[in-house]
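Here is final_9.txt, consisting of compact mmCIF, C-alpha atoms:
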```txt
# COMPACT_ATOMS: atom_id res chain seq x y z
CA MET S 1 11.04 49.47 83.81
CA ASN S 2 13.75 50.60 81.45
CA PHE S 3 14.45 54.29 82.02
CA PRO S 4 17.06 55.84 79.70
CA SER S 5 20.69 55.51 80.87
CA LEU S 6 19.98 53.70 84.15
CA ASN S 7 21.20 50.35 82.78
CA GLU S 8 24.39 52.11 81.73
CA VAL S 9 24.72 53.60 85.22
CA GLU S 10 24.61 50.13 86.75
CA SER S 11 27.33 48.69 84.50
CA PHE S 12 29.37 51.89 84.83
CA ARG S 13 29.37 51.63 88.64
CA LYS S 14 30.67 48.06 88.43
CA ALA S 15 33.48 49.07 86.08
CA LEU S 16 34.31 52.11 88.21
CA ASN S 17 34.78 49.89 91.25
CA SER S 18 37.12 47.53 89.41
CA ASP S 19 40.91 47.77 89.28
CA GLN S 20 40.61 48.65 85.58
CA GLY S 21 38.45 51.70 86.23
CA VAL S 22 36.63 53.58 83.47
CA PHE S 23 37.97 55.42 80.44
CA GLY S 24 36.27 57.68 77.92
CA PRO S 25 36.65 60.81 75.79
CA PHE S 26 35.41 64.31 76.22
CA MET S 27 33.14 65.16 73.29
CA ILE S 28 32.60 68.70 72.00
CA THR S 29 31.04 67.97 68.62
CA SER S 30 27.29 67.62 68.24
CA ASP S 31 27.16 64.54 66.00
CA PRO S 32 25.36 61.51 67.46
CA ALA S 33 27.32 59.26 65.08
CA LEU S 34 30.53 59.96 67.00
CA VAL S 35 28.82 59.08 70.28
CA GLU S 36 27.63 55.79 68.80
CA CYS S 37 31.12 55.07 67.45
CA ALA S 38 32.55 55.66 70.92
CA GLY S 39 30.18 53.07 72.34
CA TYR S 40 30.91 50.49 69.66
CA ALA S 41 34.66 51.09 70.08
CA GLY S 42 34.40 49.97 73.71
CA TYR S 43 34.79 53.12 75.81
CA ASP S 44 33.10 53.03 79.20
CA PHE S 45 31.53 56.48 78.89
CA VAL S 46 31.31 59.60 76.79
CA LEU S 47 31.71 62.96 78.50
CA LEU S 48 29.39 65.31 76.64
CA ASP S 49 30.79 68.78 77.23
CA MET S 50 28.22 71.55 77.61
CA GLU S 51 30.75 73.85 79.30
CA HIS S 52 33.28 74.20 76.49
CA GLY S 53 31.39 72.60 73.60
CA PRO S 54 29.11 74.62 71.29
CA GLY S 55 26.07 72.35 71.52
CA SER S 56 22.56 73.10 72.80
CA PHE S 57 20.36 71.11 75.15
CA GLU S 58 18.13 70.27 72.18
CA GLN S 59 21.14 68.61 70.53
CA LEU S 60 22.18 67.02 73.83
CA GLN S 61 19.12 64.78 73.98
CA ASN S 62 20.06 63.27 70.60
CA LEU S 63 23.63 62.67 71.75
CA ILE S 64 22.26 60.85 74.80
CA ARG S 65 19.91 58.83 72.58
CA ALA S 66 22.96 57.73 70.59
CA ALA S 67 24.74 56.77 73.82
CA ASN S 68 21.73 54.71 74.89
CA ALA S 69 21.62 52.98 71.50
CA ALA S 70 25.31 52.04 71.79
CA LYS S 71 24.94 51.15 75.50
CA ILE S 72 27.57 53.59 76.72
CA MET S 73 27.27 55.75 79.82
CA PRO S 74 26.37 59.40 79.01
CA VAL S 75 28.08 61.82 81.40
CA VAL S 76 27.23 65.50 80.88
CA ARG S 77 29.48 68.32 81.99
CA VAL S 78 27.03 71.13 82.60
CA PRO S 79 27.78 74.83 82.17
CA ARG S 80 28.82 76.55 85.36
CA GLY S 81 26.63 78.95 87.27
CA SER S 82 23.12 77.54 87.62
CA ASP S 83 21.47 74.43 89.02
CA ILE S 84 18.89 74.53 86.19
CA PHE S 85 21.55 73.09 83.88
CA ILE S 86 21.88 70.05 86.15
CA ASP S 87 18.12 69.56 86.07
CA ARG S 88 17.92 69.90 82.28
CA ALA S 89 20.79 67.48 81.61
CA LEU S 90 19.17 64.84 83.81
CA ASP S 91 15.74 65.46 82.27
CA VAL S 92 17.03 64.54 78.79
CA GLY S 93 18.64 61.36 80.10
CA ALA S 94 22.13 61.98 81.45
CA GLY S 95 23.37 59.09 83.57
CA ALA S 96 25.69 61.43 85.46
CA VAL S 97 26.40 65.13 85.68
CA LEU S 98 29.85 66.69 86.08
CA ILE S 99 29.72 70.12 87.74
CA PRO S 100 32.71 72.41 87.14
CA GLN S 101 34.40 74.91 89.46
CA VAL S 102 33.24 73.55 92.82
CA GLU S 103 35.38 75.08 95.55
CA THR S 104 33.39 74.86 98.80
CA THR S 105 31.19 72.47 100.75
CA GLU S 106 28.24 74.78 100.13
CA GLN S 107 28.70 74.56 96.36
CA ALA S 108 29.13 70.77 96.55
CA ALA S 109 25.96 70.39 98.62
CA GLU S 110 24.02 72.62 96.24
CA ALA S 111 25.15 70.50 93.28
CA VAL S 112 24.02 67.27 94.93
CA SER S 113 20.71 68.83 95.95
CA ALA S 114 20.03 70.01 92.40
CA ALA S 115 20.64 66.49 91.07
CA LYS S 116 18.41 64.58 93.51
CA PHE S 117 14.67 64.50 94.04
CA SER S 118 13.13 64.90 97.51
CA PRO S 119 13.90 63.84 100.19
CA MET S 120 17.55 63.71 99.08
CA GLY S 121 17.48 67.04 97.24
CA THR S 122 15.49 69.77 95.55
CA ARG S 123 15.44 68.72 91.88
CA GLY S 124 12.27 69.83 90.15
CA THR S 125 9.75 67.06 89.49
CA CYS S 126 8.26 66.32 86.10
CA ARG S 127 7.19 62.86 84.95
CA PHE S 128 6.88 63.78 81.27
CA THR S 129 10.58 64.22 80.51
CA ARG S 130 12.65 61.98 78.24
CA SER S 131 14.42 60.51 81.29
CA ALA S 132 11.01 59.47 82.63
CA CYS S 133 10.04 57.85 79.30
CA TYR S 134 7.62 60.74 78.80
CA GLY S 135 5.36 59.48 81.58
CA ALA S 136 5.04 55.89 80.37
CA TYR S 137 5.50 54.35 83.83
CA GLY S 138 4.08 56.97 86.16
CA GLY S 139 5.91 59.42 88.36
CA GLU S 140 6.51 57.44 91.53
CA ALA S 141 8.57 54.71 89.85
CA TYR S 142 10.66 57.22 87.93
CA PHE S 143 11.37 59.53 90.86
CA LYS S 144 12.64 56.55 92.86
CA ALA S 145 14.76 55.08 90.06
CA ALA S 146 16.27 58.42 89.07
CA GLN S 147 17.97 58.82 92.44
CA ASP S 148 20.55 56.37 91.05
CA THR S 149 22.01 58.88 88.61
CA MET S 150 25.50 60.01 89.57
CA VAL S 151 27.02 63.29 90.73
CA MET S 152 30.59 64.24 89.87
CA ILE S 153 32.18 67.50 90.91
CA GLN S 154 35.34 69.19 89.66
CA ALA S 155 37.83 70.32 92.29
CA GLU S 156 40.09 72.37 90.08
CA GLY S 157 41.75 75.19 91.95
CA ALA S 158 43.77 75.90 95.06
CA LYS S 159 40.69 76.78 97.12
CA ALA S 160 39.01 73.47 96.28
CA ILE S 161 42.14 71.54 97.23
CA GLU S 162 42.32 73.42 100.54
CA ASN S 163 38.70 72.44 101.23
CA ILE S 164 38.99 68.87 99.97
CA ASN S 165 38.41 67.14 103.32
CA GLU S 166 35.19 69.06 103.94
CA ILE S 167 33.98 68.65 100.34
CA LEU S 168 34.47 64.88 100.58
CA ASP S 169 32.14 64.83 103.58
CA VAL S 170 29.19 66.02 101.47
CA ASP S 171 26.74 63.12 101.01
CA GLY S 172 25.87 62.16 97.46
CA ILE S 173 29.16 62.82 95.66
CA ASP S 174 30.19 59.79 93.59
CA ILE S 175 33.36 61.14 91.97
CA ILE S 176 35.60 64.12 92.63
CA PHE S 177 37.34 65.13 89.41
CA VAL S 178 40.75 66.76 89.65
CA GLY S 179 41.82 69.13 86.88
CA PRO S 180 45.60 68.60 86.61
CA TYR S 181 46.18 71.76 84.60
CA ASP S 182 44.40 73.95 87.15
CA LEU S 183 46.15 72.05 89.93
CA SER S 184 49.53 72.75 88.31
CA ALA S 185 48.68 76.43 88.10
CA SER S 186 47.68 76.55 91.77
CA LEU S 187 51.02 74.95 92.73
CA GLY S 188 53.06 77.41 90.66
CA ILE S 189 54.13 74.89 87.99
CA ILE S 190 51.54 75.67 85.35
CA GLY S 191 51.29 73.14 82.55
CA GLN S 192 53.62 70.59 84.19
CA ILE S 193 50.86 68.09 84.87
CA GLU S 194 53.16 65.12 85.43
CA HIS S 195 55.49 66.98 87.79
CA PRO S 196 56.23 65.05 91.04
CA MET S 197 54.37 67.72 93.02
CA ILE S 198 51.23 67.05 90.96
CA CYS S 199 51.51 63.29 91.32
CA ASP S 200 52.04 63.63 95.07
CA ALA S 201 49.03 65.95 95.41
CA ILE S 202 46.86 63.50 93.46
CA ARG S 203 48.02 60.60 95.64
CA GLN S 204 46.99 62.53 98.73
CA ILE S 205 43.58 63.32 97.24
CA VAL S 206 43.06 59.65 96.31
CA GLN S 207 43.96 58.55 99.85
CA LYS S 208 41.54 61.03 101.39
CA ALA S 209 38.77 60.15 98.94
CA ASP S 210 39.23 56.40 99.38
CA ALA S 211 38.88 56.79 103.13
CA LYS S 212 35.46 58.38 102.56
CA GLY S 213 34.22 56.07 99.79
CA VAL S 214 34.52 58.60 96.97
CA LYS S 215 36.23 57.79 93.66
CA VAL S 216 38.67 60.20 92.05
CA GLY S 217 38.68 61.23 88.39
CA CYS S 218 41.25 63.09 86.34
CA PHE S 219 41.88 64.42 82.84
CA ALA S 220 44.57 62.81 80.67
CA ASN S 221 46.03 64.04 77.40
CA ASP S 222 46.22 60.54 75.97
CA ALA S 223 45.82 56.84 76.81
CA ALA S 224 49.42 56.47 78.02
CA MET S 225 48.91 59.27 80.54
CA ALA S 226 45.60 57.67 81.53
CA ARG S 227 47.45 54.49 82.49
CA ARG S 228 49.87 56.51 84.64
CA TRP S 229 46.97 58.20 86.45
CA ARG S 230 45.37 54.82 86.99
CA SER S 231 48.56 53.58 88.68
CA LEU S 232 48.06 56.40 91.24
CA GLY S 233 44.58 55.14 92.10
CA ILE S 234 42.48 57.22 89.68
CA ARG S 235 39.48 55.21 88.53
CA PHE S 236 37.60 57.69 86.30
CA ILE S 237 39.68 59.05 83.43
CA GLY S 238 38.35 61.44 80.83
CA TYR S 239 40.87 62.01 78.08
CA SER S 240 41.50 64.23 75.07
CA CYS S 241 38.32 65.01 73.09
CA ASP S 242 36.63 63.71 69.96
CA THR S 243 38.06 66.37 67.66
CA ASN S 244 41.62 65.83 68.91
CA ILE S 245 41.33 62.05 68.69
CA PHE S 246 40.36 62.43 65.02
CA PHE S 247 43.12 64.99 64.47
CA GLU S 248 45.85 62.81 65.99
CA GLY S 249 44.62 59.71 64.16
CA ALA S 250 44.56 61.60 60.88
CA LYS S 251 48.10 62.87 61.42
CA ARG S 252 49.36 59.35 62.07
CA ASP S 253 47.73 57.99 58.92
CA ILE S 254 49.01 60.86 56.78
CA ALA S 255 52.54 60.28 58.06
CA ILE S 256 52.29 56.57 57.20
CA PHE S 257 50.92 57.28 53.74
CA ARG S 258 53.54 59.90 52.92
CA ALA S 259 56.54 58.09 54.38
CA GLU S 260 59.29 57.43 51.90
CA GLU S 261 59.72 53.84 50.77
```
Starting from the file, lay out its structure as structure tokens.
Amino acid sequence: MNFPSLNEVESFRKALNSDQGVFGPFMITSDPALVECAGYAGYDFVLLDMEHGPGSFEQLQNLIRAANAAKIMPVVRVPRGSDIFIDRALDVGAGAVLIPQVETTEQAAEAVSAAKFSPMGTRGTCRFTRSACYGAYGGEAYFKAAQDTMVMIQAEGAKAIENINEILDVDGIDIIFVGPYDLSASLGIIGQIEHPMICDAIRQIVQKADAKGVKVGCFANDAAMARRWRSLGIRFIGYSCDTNIFFEGAKRDIAIFRAEE
């Protein structure tokens, strides 16, 4: 039975557990062609941003279709504030959900519960969704297979960092994603995301997460920064975004074209 995105989840987990880790862009446009291009280019995942991007859930299902066509893992960052967004992202075929602004164990547990069917959680059941192949295989098989989708939470502020040990104890969290900009703000060095204090804090988070079998993710401005984060033990790195990648590439090409002979 070939449910959307679950093959990508399997290969993604293998890559995540490797020394190389996984690497992919945030995407805020709503063009499936860019998602396909990302897959063909060789990224491990696309991070489809429903928090800061302008897209709708109707558009999201087409972005995920493009990810499935290019065999790249579709991760969806849901808007903050309601577990219904987690449910809807998974219903249209997300392989993983990234939940922003998680600061407490209660919020972490609620996020996991919203992403998992009974008995693991409280996700609403419907066997006619896109993720269930619109009912092609029956509900029982889908509800069992769908428990494999992944849960990622963002620990972004000072309160989340204070509660990190307890948050890591919540069953069902696959990745805890650290926002280096928010972390720098909480440490009084806003914007200095490669400051030694930031690197030391991330090392401590990685050590604590490794001890509890949870991977750590982080945002990087570019691929060079991504490699530096990886050297600290980060294994999930979301970087830049589709619009900025185009912008920076265009600037480089313009500079080459206009350079004096």
Practice problem: Rounded to one decimal place, report the CA of Thr122 (chain S)-CA of Val92 (chain S) distance in Å. | Solution: 17.6 Å
With a cut-off of 8 Å, could you pull out the residues of region 228-250 of chain S touching region 16-21 of chain S and give me the nearest pair of atoms for each, distance in Å to one decimal, using only C-alpha atoms, ordered by chain and ascending number, as JSON lines?
```
{"residue": "S:Arg230", "atom": "CA", "partner": "S:Gly21", "partner_atom": "CA", "distance": 7.6}
{"residue": "S:Ile234", "atom": "CA", "partner": "S:Gly21", "partner_atom": "CA", "distance": 7.7}
{"residue": "S:Arg235", "atom": "CA", "partner": "S:Gly21", "partner_atom": "CA", "distance": 4.3}
{"residue": "S:Phe236", "atom": "CA", "partner": "S:Gly21", "partner_atom": "CA", "distance": 6.1}
{"residue": "S:Ile237", "atom": "CA", "partner": "S:Gly21", "partner_atom": "CA", "distance": 8.0}
```
Quiz prompt | Top pick for closest residue to Ala160 (chain S), considering S:Glu103, S:Gln204, S:Ala89, S:Met73 and counting only C-alpha atoms | solution = S:Glu103
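CA of Asp83 (chain S) to CA of Tyr181 (chain S) spans 25.2 Å [interatomic distance, one decimal].
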Practice problem: Tell me which protein, DNA and RNA residues are within 9 Å of Val78 (chain S), counting only C-alpha atoms, leaving out same-chain ones fewer than 6 positions away, and put them as a PyMOL selection string. | Solution: chain S and resi 48-51+85-86+89+97-100
Self-check item: Interatomic distance (Å, one decimal) between CA of Pro25 (chain S) and CA of Arg77 (chain S)
Solution: 12.1 Å
Quiz item: Which neighbours of region 143-150 of chain S fall inside 9 Å, counting only C-alpha atoms, when residues of the same chain fewer than 4 positions from it are skipped, and could you give them as an NGL selection string?
Solution: :S and (3 or 5-6 or 9-10 or 75 or 90 or 94-98 or 115-118 or 120 or 125-127 or 131-132 or 139 or 172-175)
Quiz item: Between S:Val22, S:Phe246, S:Phe45, S:Ala141, which is the closest to Val216 (chain S) once you count all atoms listed in the file?
Solution: S:Val22
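With all atoms listed in the file as the atoms that count, the residue of S:Phe26, S:Phe128, S:Tyr40, S:Phe257 with the shortest distance to Asn221 (chain S) is S:Phe26.
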Exercise. Could you check which of S:Glu140, S:Asp253, S:Asp91, S:Asp171 is closest to Glu110 (chain S), using all atoms listed in the file?
Key: S:Asp171
Self-check item: Long-range neighbours of Ala67 (chain S) as a ChimeraX atom specification, 12 Å cut-off, all atoms listed in the file, 2 positions minimum in chain
Solution: /S:4-9,27,31-40,42-48,60-65,69-76,93-95
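For the set S:Arg252, S:Leu183, S:Tyr142, S:Ala158, the residue with the smallest atom-to-atom gap to Arg130 (chain S) is S:Tyr142, counting only C-alpha atoms.
Compared by their closest atoms to Asn68 (chain S), and using all atoms listed in the file, the residues S:Asn2, S:Cys199, S:Glu162, S:Phe247 rank with S:Asn2 nearest.
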